[in-house]
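Listing of my_file-v7.cif, mmCIF, C-alpha atoms
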```cif
data_target
loop_
_atom_site.label_atom_id
_atom_site.label_comp_id
_atom_site.auth_asym_id
_atom_site.auth_seq_id
_atom_site.Cartn_x
_atom_site.Cartn_y
_atom_site.Cartn_z
CA MET A 202 -5.84 -36.14 8.03
CA ASN A 203 -4.65 -33.54 10.54
CA THR A 204 -3.61 -30.31 8.88
CA GLN A 205 -2.27 -27.86 11.36
CA VAL A 206 -1.68 -24.27 10.27
CA LEU A 207 1.70 -23.16 11.50
CA SER A 208 2.22 -19.60 12.67
CA ASP A 209 4.66 -17.29 10.89
CA LYS A 210 7.01 -17.65 13.83
CA MET A 211 6.89 -21.44 13.71
CA LEU A 212 7.57 -21.47 9.97
CA LEU A 213 10.44 -19.04 10.44
CA ASN A 214 11.93 -21.20 13.18
CA ARG A 215 11.61 -24.29 10.97
CA TYR A 216 13.40 -22.48 8.15
CA LEU A 217 16.18 -21.33 10.46
CA THR A 218 16.68 -24.90 11.70
CA GLY A 219 17.07 -26.27 8.19
CA ASP A 220 13.59 -26.87 6.76
CA ARG A 221 13.99 -25.04 3.42
CA SER A 222 10.36 -25.60 2.42
CA ALA A 223 9.19 -23.53 5.41
CA ILE A 224 10.29 -20.26 3.82
CA SER A 225 8.28 -21.07 0.70
CA GLN A 226 5.20 -21.63 2.84
CA LEU A 227 5.82 -18.43 4.77
CA ILE A 228 6.33 -16.32 1.65
CA GLY A 229 3.45 -18.03 -0.15
CA ARG A 230 1.15 -17.15 2.72
CA HIS A 231 1.77 -13.42 2.33
CA SER A 232 2.86 -12.90 -1.29
CA ASN A 233 -0.60 -11.97 -2.63
CA ARG A 234 -1.07 -9.32 0.04
CA VAL A 235 2.41 -7.88 -0.59
CA ARG A 236 1.88 -7.95 -4.38
CA ASP A 237 -1.46 -6.13 -4.01
CA TYR A 238 0.16 -3.50 -1.81
CA ILE A 239 2.94 -2.91 -4.35
CA ARG A 240 0.46 -2.82 -7.27
CA MET A 241 -1.61 -0.24 -5.44
CA MET A 242 1.47 1.97 -5.19
CA VAL A 243 3.01 1.52 -8.66
CA LYS A 244 -0.16 0.97 -10.73
CA ASP A 245 1.67 -1.48 -13.03
CA HIS A 246 1.29 -5.27 -12.77
CA ASP A 247 4.63 -6.20 -14.37
CA LEU A 248 6.55 -3.65 -12.35
CA ALA A 249 4.78 -4.83 -9.19
CA ASP A 250 5.87 -8.40 -9.90
CA ASP A 251 9.48 -7.25 -10.36
CA ILE A 252 9.43 -5.27 -7.12
CA LEU A 253 7.79 -8.21 -5.34
CA GLN A 254 10.67 -10.47 -6.44
CA ASP A 255 13.23 -7.92 -5.23
CA THR A 256 11.36 -7.64 -1.94
CA LEU A 257 11.24 -11.39 -1.36
CA ILE A 258 14.92 -11.78 -2.22
CA LYS A 259 15.74 -9.09 0.32
CA VAL A 260 13.48 -10.73 2.94
CA VAL A 261 15.24 -14.09 2.58
CA ARG A 262 18.68 -12.46 2.54
CA VAL A 263 18.00 -10.52 5.76
CA ILE A 264 16.68 -13.67 7.45
CA ASP A 265 19.67 -15.72 6.24
CA GLU A 266 22.06 -13.06 7.55
CA GLY A 267 20.40 -13.30 10.98
CA ARG A 268 19.30 -9.65 10.94
CA TYR A 269 15.57 -10.30 11.31
CA ALA A 270 14.37 -10.03 14.89
CA ASP A 271 10.99 -11.72 15.17
CA SER A 272 8.49 -9.48 16.89
CA GLY A 273 5.40 -11.36 15.78
CA LYS A 274 4.82 -8.91 12.92
CA PHE A 275 6.35 -10.68 9.96
CA LEU A 276 3.86 -9.36 7.40
CA SER A 277 4.29 -5.77 8.61
CA TRP A 278 8.05 -6.14 8.27
CA VAL A 279 7.75 -7.54 4.73
CA LEU A 280 5.36 -4.71 3.77
CA ARG A 281 7.85 -2.17 5.09
CA ILE A 282 10.57 -3.72 2.91
CA ALA A 283 8.18 -3.66 -0.07
CA HIS A 284 7.41 0.00 0.63
CA ASN A 285 11.11 0.83 0.71
CA GLN A 286 11.68 -1.08 -2.55
CA VAL A 287 8.92 0.97 -4.21
CA ILE A 288 10.47 4.20 -2.93
CA ASP A 289 13.87 3.07 -4.21
CA HIS A 290 12.32 2.35 -7.61
CA PHE A 291 10.74 5.81 -7.84
CA ARG A 292 13.96 7.42 -6.65
CA SER A 293 15.96 5.62 -9.34
CA GLN A 294 13.39 6.64 -11.97
CA ARG A 295 13.65 10.25 -10.89
CA ASN A 296 17.44 10.10 -11.01
CA ALA A 297 17.50 8.44 -14.44
CA ARG A 298 17.94 11.36 -16.75
CA THR A 299 16.07 11.32 -20.02
CA VAL A 300 16.35 14.05 -22.59
CA SER A 301 13.07 15.72 -23.36
CA GLU A 302 12.31 17.78 -26.41
CA ALA A 303 12.80 20.98 -24.44
CA GLU A 304 16.15 19.80 -23.05
CA SER A 305 17.41 18.85 -26.49
CA GLY A 306 16.92 22.43 -27.70
CA TYR A 307 13.96 21.91 -30.05
CA ASP A 308 11.64 23.99 -27.91
CA VAL A 309 13.86 27.03 -27.60
CA LEU A 310 11.09 29.47 -26.77
CA GLY A 311 9.23 27.16 -24.36
CA THR A 312 12.05 26.46 -21.97
CA LEU A 313 13.82 28.53 -19.37
CA ARG A 314 16.99 26.48 -19.44
CA PHE A 315 18.75 29.08 -21.58
CA ALA A 316 18.05 31.87 -19.13
CA ASP A 317 20.80 32.58 -16.63
CA ALA A 318 19.90 32.83 -12.98
CA THR A 319 19.70 36.44 -11.96
CA VAL A 320 21.84 37.92 -9.22
CA GLU A 321 18.70 38.15 -7.13
CA ASP A 322 17.94 34.41 -7.66
CA ARG A 323 21.46 33.50 -6.53
CA MET A 324 21.25 35.77 -3.49
CA VAL A 325 17.88 34.29 -2.45
CA ALA A 326 19.21 30.74 -2.87
CA GLU A 327 22.32 31.55 -0.82
CA GLN A 328 20.20 33.14 1.92
CA ILE A 329 17.89 30.13 2.09
CA GLU A 330 20.88 27.79 2.30
CA ALA A 331 22.43 29.88 5.09
CA ASP A 332 19.12 29.97 7.01
CA VAL A 333 18.68 26.21 6.75
CA ARG A 334 22.29 25.62 7.80
CA ARG A 335 21.82 27.82 10.89
CA LEU A 336 18.66 25.91 11.81
CA ILE A 337 20.48 22.58 11.40
CA ASP A 338 23.16 23.83 13.80
CA HIS A 339 20.46 24.17 16.50
CA LEU A 340 19.39 20.52 16.23
CA PRO A 341 20.50 17.97 18.84
CA GLU A 342 23.83 16.39 17.86
CA GLU A 343 22.41 13.00 16.80
CA GLN A 344 19.76 14.61 14.60
CA ARG A 345 22.23 17.12 13.12
CA GLU A 346 24.62 14.29 12.24
CA VAL A 347 21.93 12.35 10.32
CA VAL A 348 20.81 15.46 8.40
CA MET A 349 24.39 16.34 7.46
CA LEU A 350 25.21 12.81 6.34
CA ARG A 351 21.99 12.53 4.33
CA TYR A 352 21.72 15.92 2.65
CA TYR A 353 25.28 17.19 2.52
CA ASP A 354 27.18 13.91 2.12
CA GLY A 355 24.43 12.12 0.13
CA LEU A 356 24.55 8.89 2.16
CA SER A 357 21.70 6.38 2.17
CA PHE A 358 20.00 5.62 5.48
CA GLN A 359 21.71 2.23 5.54
CA GLU A 360 25.10 3.92 5.11
CA ILE A 361 24.21 6.42 7.84
CA ALA A 362 23.19 3.57 10.15
CA ASP A 363 26.46 1.75 9.45
CA GLN A 364 28.60 4.86 9.94
CA THR A 365 26.88 5.94 13.17
CA GLU A 366 26.67 2.35 14.43
CA VAL A 367 22.91 2.38 15.00
CA SER A 368 20.04 0.47 13.40
CA ILE A 369 18.48 1.83 10.22
CA ASN A 370 15.26 2.42 12.17
CA THR A 371 17.16 4.60 14.63
CA ALA A 372 18.70 6.58 11.76
CA LEU A 373 15.26 7.03 10.18
CA GLY A 374 13.78 8.05 13.52
CA ARG A 375 16.49 10.64 14.07
CA MET A 376 15.80 12.09 10.62
CA ARG A 377 12.08 12.19 11.34
CA TYR A 378 12.62 14.09 14.60
CA ALA A 379 15.13 16.41 12.90
CA LEU A 380 12.54 17.32 10.24
CA ILE A 381 9.88 17.87 12.91
CA ASN A 382 12.25 20.12 14.85
CA LEU A 383 13.27 22.03 11.71
CA ARG A 384 9.63 22.65 10.83
CA LYS A 385 9.00 23.97 14.37
CA MET A 386 11.99 26.30 14.16
CA ILE A 387 10.95 27.56 10.71
CA LYS A 388 7.48 28.32 12.05
CA GLU A 389 8.78 29.91 15.27
CA HIS A 390 11.22 32.18 13.43
CA ASP A 391 8.75 32.85 10.59
CA ILE A 392 11.32 31.87 7.96
CA THR A 393 10.16 31.57 4.35
CA LEU A 394 12.05 28.95 2.34
CA CYS A 395 11.03 29.61 -1.23
#
```
Final structure tokens representation of the file:
Amino acid sequence: MNTQVLSDKMLLNRYLTGDRSAISQLIGRHSNRVRDYIRMMVKDHDLADDILQDTLIKVVRVIDEGRYADSGKFLSWVLRIAHNQVIDHFRSQRNARTVSEAESGYDVLGTLRFADATVEDRMVAEQIEADVRRLIDHLPEEQREVVMLRYYDGLSFQEIADQTEVSINTALGRMRYALINLRKMIKEHDITLC
């Protein structure tokens, strides 16, 4: 009995040429490692299993759409998708508003939500916003565009990539360099943003 272990690339090629069982083998080969990575991040077995399923669905969809470019790093690519799925989960949890006791008004003395912002607070916030906006104006055009679309228009990185007609990795890279440049300018000009 000759059992030959096929590489990720070979299994991927088999899947793309019609062998539907190849994707199961490919995913099966890496699913434990991806699940462990997700569990390490979310600290919840059931949630990790849900995110793993979402990750694998996305992996197959991207491959089926022909958007996966094989670079010999299939597992790294899947882990990156898993990482993004975890971040999306935490983002959605943060955005899901729940009413706490303090927000419902039961803890009237323990919350600051009834206090109006002072004139000084508003002036400081406006000054910080103006400073940041001036710094953004000094960024290179491509970086400035990504920052504006992300923070002022609220677009996702995928939407930014689509709108600017670049890959999502390019959009993410531009944001990374924009943040690095903003930090340098803040340090150079000794600006305090708090």
> Expanded to explicit residues, what is the PyMOL selection byres ((chain A and resi 239) around 12) for this file, as a PyMOL selection string?
Replying inline: chain A and resi 232-238+240-256+279-288+290
Write the residues of the selection above to a file with C-alpha atoms, as an mmCIF file, in the coordinates of the input.
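File selection_39.cif, as written:
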```
data_model
loop_
_atom_site.group_PDB
_atom_site.id
_atom_site.type_symbol
_atom_site.label_atom_id
_atom_site.label_comp_id
_atom_site.auth_asym_id
_atom_site.auth_seq_id
_atom_site.Cartn_x
_atom_site.Cartn_y
_atom_site.Cartn_z
ATOM 1 C CA SER A 232 2.860 -12.900 -1.290
ATOM 2 C CA ASN A 233 -0.600 -11.970 -2.630
ATOM 3 C CA ARG A 234 -1.070 -9.320 0.040
ATOM 4 C CA VAL A 235 2.410 -7.880 -0.590
ATOM 5 C CA ARG A 236 1.880 -7.950 -4.380
ATOM 6 C CA ASP A 237 -1.460 -6.130 -4.010
ATOM 7 C CA TYR A 238 0.160 -3.500 -1.810
ATOM 8 C CA ARG A 240 0.460 -2.820 -7.270
ATOM 9 C CA MET A 241 -1.610 -0.240 -5.440
ATOM 10 C CA MET A 242 1.470 1.970 -5.190
ATOM 11 C CA VAL A 243 3.010 1.520 -8.660
ATOM 12 C CA LYS A 244 -0.160 0.970 -10.730
ATOM 13 C CA ASP A 245 1.670 -1.480 -13.030
ATOM 14 C CA HIS A 246 1.290 -5.270 -12.770
ATOM 15 C CA ASP A 247 4.630 -6.200 -14.370
ATOM 16 C CA LEU A 248 6.550 -3.650 -12.350
ATOM 17 C CA ALA A 249 4.780 -4.830 -9.190
ATOM 18 C CA ASP A 250 5.870 -8.400 -9.900
ATOM 19 C CA ASP A 251 9.480 -7.250 -10.360
ATOM 20 C CA ILE A 252 9.430 -5.270 -7.120
ATOM 21 C CA LEU A 253 7.790 -8.210 -5.340
ATOM 22 C CA GLN A 254 10.670 -10.470 -6.440
ATOM 23 C CA ASP A 255 13.230 -7.920 -5.230
ATOM 24 C CA THR A 256 11.360 -7.640 -1.940
ATOM 25 C CA VAL A 279 7.750 -7.540 4.730
ATOM 26 C CA LEU A 280 5.360 -4.710 3.770
ATOM 27 C CA ARG A 281 7.850 -2.170 5.090
ATOM 28 C CA ILE A 282 10.570 -3.720 2.910
ATOM 29 C CA ALA A 283 8.180 -3.660 -0.070
ATOM 30 C CA HIS A 284 7.410 0.000 0.630
ATOM 31 C CA ASN A 285 11.110 0.830 0.710
ATOM 32 C CA GLN A 286 11.680 -1.080 -2.550
ATOM 33 C CA VAL A 287 8.920 0.970 -4.210
ATOM 34 C CA ILE A 288 10.470 4.200 -2.930
ATOM 35 C CA HIS A 290 12.320 2.350 -7.610
#
```
> What is the CA of Arg292 (chain A)-CA of Val263 (chain A) distance in Å, reported with one decimal?
Replying inline: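 Separating CA of Arg292 (chain A) from CA of Val263 (chain A) is a distance of 22.2 Å.
Applied to this file, the PyMOL selection byres ((chain A and resi 360-373) around 12) selects Arg268, Tyr269, Trp278, Arg281, Glu342, Glu343, Gln344, Arg345, Glu346, Val347, Val348, Met349, Leu350, Arg351, Tyr352, Asp354, Gly355, Leu356, Ser357, Phe358, Gln359, Gly374, Arg375, Met376, Arg377, Tyr378, Ala379 and Leu380 of chain A.
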Keeping C-alpha atoms, export the residues of the selection given above as a PDB file, keeping the file's coordinate frame.
```
ATOM      1  CA  ARG A 268      19.300  -9.650  10.940  1.00  0.00           C
ATOM      2  CA  TYR A 269      15.570 -10.300  11.310  1.00  0.00           C
ATOM      3  CA  TRP A 278       8.050  -6.140   8.270  1.00  0.00           C
ATOM      4  CA  ARG A 281       7.850  -2.170   5.090  1.00  0.00           C
ATOM      5  CA  GLU A 342      23.830  16.390  17.860  1.00  0.00           C
ATOM      6  CA  GLU A 343      22.410  13.000  16.800  1.00  0.00           C
ATOM      7  CA  GLN A 344      19.760  14.610  14.600  1.00  0.00           C
ATOM      8  CA  ARG A 345      22.230  17.120  13.120  1.00  0.00           C
ATOM      9  CA  GLU A 346      24.620  14.290  12.240  1.00  0.00           C
ATOM     10  CA  VAL A 347      21.930  12.350  10.320  1.00  0.00           C
ATOM     11  CA  VAL A 348      20.810  15.460   8.400  1.00  0.00           C
ATOM     12  CA  MET A 349      24.390  16.340   7.460  1.00  0.00           C
ATOM     13  CA  LEU A 350      25.210  12.810   6.340  1.00  0.00           C
ATOM     14  CA  ARG A 351      21.990  12.530   4.330  1.00  0.00           C
ATOM     15  CA  TYR A 352      21.720  15.920   2.650  1.00  0.00           C
ATOM     16  CA  ASP A 354      27.180  13.910   2.120  1.00  0.00           C
ATOM     17  CA  GLY A 355      24.430  12.120   0.130  1.00  0.00           C
ATOM     18  CA  LEU A 356      24.550   8.890   2.160  1.00  0.00           C
ATOM     19  CA  SER A 357      21.700   6.380   2.170  1.00  0.00           C
ATOM     20  CA  PHE A 358      20.000   5.620   5.480  1.00  0.00           C
ATOM     21  CA  GLN A 359      21.710   2.230   5.540  1.00  0.00           C
ATOM     22  CA  GLY A 374      13.780   8.050  13.520  1.00  0.00           C
ATOM     23  CA  ARG A 375      16.490  10.640  14.070  1.00  0.00           C
ATOM     24  CA  MET A 376      15.800  12.090  10.620  1.00  0.00           C
ATOM     25  CA  ARG A 377      12.080  12.190  11.340  1.00  0.00           C
ATOM     26  CA  TYR A 378      12.620  14.090  14.600  1.00  0.00           C
ATOM     27  CA  ALA A 379      15.130  16.410  12.900  1.00  0.00           C
ATOM     28  CA  LEU A 380      12.540  17.320  10.240  1.00  0.00           C
TER      29      LEU A 380
END
```
> What is the distance between CA of His339 (chain A) and CA of Leu383 (chain A), in Å to one decimal?
Replying inline: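 Computing the Euclidean distance for CA of His339 (chain A) and CA of Leu383 (chain A) yields 8.9 Å.
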>> List the spatial neighbours of Ile228 (chain A) as a list in words - criterion: any atom at most 10 Å away, all atoms listed in the file, same-chain residues fewer than 2 positions off excluded.
In response: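 After dropping sequence-adjacent residues, the list is Asp209, Leu212, Ala223, Ile224, Ser225, Gln226, Arg230, His231, Ser232, Asn233, Val235, Leu257, Val260, Val261, Leu276 and Val279 of chain A.
Taking CA of Ser293 (chain A) and CA of Gly267 (chain A) as endpoints, the distance between them is 28.1 Å.
Remark: for Gly273 (chain A), the closest of the candidate residues A:Ile381, A:Leu213, A:Val206, A:Ile337 is A:Leu213 (distances computed over all atoms listed in the file).
When all atoms listed in the file are used to measure the gap to Asp332 (chain A), the shortest distance among A:His390, A:Lys385, A:Arg262, A:Arg215 belongs to A:His390.
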